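See below for the structure under consideration.
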Amino acid sequence: MNRHFARTTRFYAIVYRTLCLPHCYLARTIIVMLTSCSPVTMAAESLRAQEINDCRSGEIVTWADGIDHPVASEELLFTYDPLNAPVRFPESLVSDMVAKAALAWSGCGITGRLIPRPEASRRSNVIQVQWNEAESRGNFGLSNLGKHTLSLSANAFDNLNTVNPSYDTRITLQMVISHEMGHHYGLMAHSRRCIDVLSYYDNGKGEKCTKRNPFDTGGVTEYRHNFPTTCDLARCRAVNGK
Ligand SMILES: [Zn+2]
């Protein structure tokens, strides 16, 4: 960090549909911000970290776009199929992301874990993480609870890489996996809190998500956390009676 660095921020506004359940077709705006280091951004990063780790009374607020429901299981099993994955996302990388997201969501009180495909084929109700354009329907990711799938779109990630080649798309992939996994934990409504992995930034009607400091960019590429926050987990525990 160099405190004499001028703060330079470039905004890349990319409008696309993302991160939704099948009933949700609103356009989403993801703003990718590239920010150099400065005391201002360091302070903002600290505030963002507080929002991740600290859930204050009254902060659990959702968009009225779904009804949460408890999961009828004490354990959620995931498996990963690398067929049709972009070459920039090797199997070991994505498997690790799925395992990390499942471990993080286990803080809900329902254990989540990744199992190998051969084991998954012998068990029922295993949620398959897969690359499938038809099932993801133009979104980065889409969950289908009835089919027990979490579908990712290689095209969407290719487009993101084309628009901004210097951006590390692994950040968005981890966030999308964590976000969609949250739907399998019974969280159907999206969070109004920008930092929550279950959030979206605006509803396409001029309403935006909230931050403790509305001017805070956090000095990061994606304000939304890429794992469940304390508020995400608190809502999950409440919904599931944990
Ligand atoms: Zn969603």
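Ordering of the structure tokens sets the chain letters (A, B, ...); residue numbers start at 1 within each chain; ligands are numbered from 1 in the order shown.
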
Counting only C-alpha atoms, give me one row per residue of range 186-209 of chain A with an atom at most 12 Å from an atom of range 105-115 of chain A, showing the shortest contact pair and its distance in Å to one decimal, sorted by chain then residue number, as a Markdown table.
| residue | atom | partner | partner_atom | distance |
| --- | --- | --- | --- | --- |
| A:Gly186 | CA | A:Cys108 | CA | 10.5 |
| A:Leu187 | CA | A:Cys108 | CA | 11.0 |
| A:Val197 | CA | A:Trp105 | CA | 10.9 |
| A:Leu198 | CA | A:Trp105 | CA | 11.7 |

If you keep C-alpha atoms, can you produce a file of those selected residues as a compact mmCIF listing (two decimals), in the first residue's frame?
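Wrote again25.txt, looks like this:
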# COMPACT_ATOMS: atom_id res chain seq x y z
CA GLY A 186 -34.03 -22.52 1.64
CA LEU A 187 -33.30 -18.83 1.18
CA VAL A 197 -23.91 -13.12 -0.91
CA LEU A 198 -27.68 -13.52 -1.37

Can you check which residues of range 12-236 of chain A DSSP gives as strand (DSSP E or B) on the backbone and send them as an NGL selection string? :A and (12-16 or 20 or 28-35 or 62 or 75-80 or 111-114 or 127-131 or 141-144 or 149-152 or 191 or 193 or 199 or 202 or 208 or 210)

Report the residues of range 36-211 of chain A whose backbone DSSP state falls under alpha helix (DSSP H), written as JSON, numbers by chain. {"A": [39, 40, 41, 42, 43, 44, 45, 46, 47, 48, 49, 50, 51, 52, 53, 91, 92, 93, 94, 95, 96, 97, 98, 99, 100, 101, 102, 103, 104, 105, 117, 118, 119, 120, 133, 134, 135, 136, 154, 155, 156, 157, 158, 159, 160, 161, 162, 163, 169, 170, 171, 172, 173, 174, 175, 176, 177, 178, 179, 180, 181, 182, 183, 184]}

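Taking CA of Asn53 in chain A and CA of Cys194 in chain A as the two end points, the separation is 13.6 Å.
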
Restricting the calculation to only C-alpha atoms and all ligand atoms, which member of A:Arg192, A:Arg56, A:Lys205, A:His183 is positioned closest to ligand 1?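 Counting only C-alpha atoms and all ligand atoms, the residue closest to ligand 1 is A:His183.
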
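Restricting the calculation to only C-alpha atoms and all ligand atoms, the smallest distance between ligand 1 and any of A:Leu152, A:Val163, A:Val61, A:Met181 is found for A:Met181.
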
Range 92-99 of chain A environment, 10 Å, only C-alpha atoms, sequence neighbours closer than 5 positions dropped, as a PyMOL selection string: chain A and resi 78-82+85+104-105+112-116+129+170+173-175+177-178+181+227

Keeping only C-alpha atoms, take the residues you just selected and write them out as a PDB file, in the first residue's frame.
ATOM      1  CA  PHE A  78     -23.132 -31.510  -3.553  1.00  0.00           C
ATOM      2  CA  THR A  79     -21.187 -33.001  -6.403  1.00  0.00           C
ATOM      3  CA  TYR A  80     -19.410 -31.309  -9.272  1.00  0.00           C
ATOM      4  CA  ASP A  81     -19.527 -32.288 -12.955  1.00  0.00           C
ATOM      5  CA  PRO A  82     -16.804 -30.462 -14.966  1.00  0.00           C
ATOM      6  CA  ALA A  85     -16.494 -26.044 -18.015  1.00  0.00           C
ATOM      7  CA  ALA A 104     -19.311 -21.817   4.828  1.00  0.00           C
ATOM      8  CA  TRP A 105     -23.058 -22.523   4.546  1.00  0.00           C
ATOM      9  CA  GLY A 112     -23.089 -29.073   3.493  1.00  0.00           C
ATOM     10  CA  ARG A 113     -20.314 -31.037   1.822  1.00  0.00           C
ATOM     11  CA  LEU A 114     -18.928 -32.001  -1.558  1.00  0.00           C
ATOM     12  CA  ILE A 115     -18.875 -35.686  -2.444  1.00  0.00           C
ATOM     13  CA  PRO A 116     -17.203 -37.401  -5.443  1.00  0.00           C
ATOM     14  CA  VAL A 129     -23.151 -28.393  -9.756  1.00  0.00           C
ATOM     15  CA  ARG A 170     -12.789 -16.583 -10.220  1.00  0.00           C
ATOM     16  CA  LEU A 173     -17.548 -17.735  -9.857  1.00  0.00           C
ATOM     17  CA  GLN A 174     -17.041 -18.266  -6.131  1.00  0.00           C
ATOM     18  CA  MET A 175     -19.743 -15.705  -5.395  1.00  0.00           C
ATOM     19  CA  ILE A 177     -21.663 -20.770  -6.389  1.00  0.00           C
ATOM     20  CA  SER A 178     -22.154 -19.468  -2.839  1.00  0.00           C
ATOM     21  CA  MET A 181     -26.079 -22.703  -2.824  1.00  0.00           C
ATOM     22  CA  PHE A 227     -19.278 -16.385   0.888  1.00  0.00           C
TER      23      PHE A 227
END
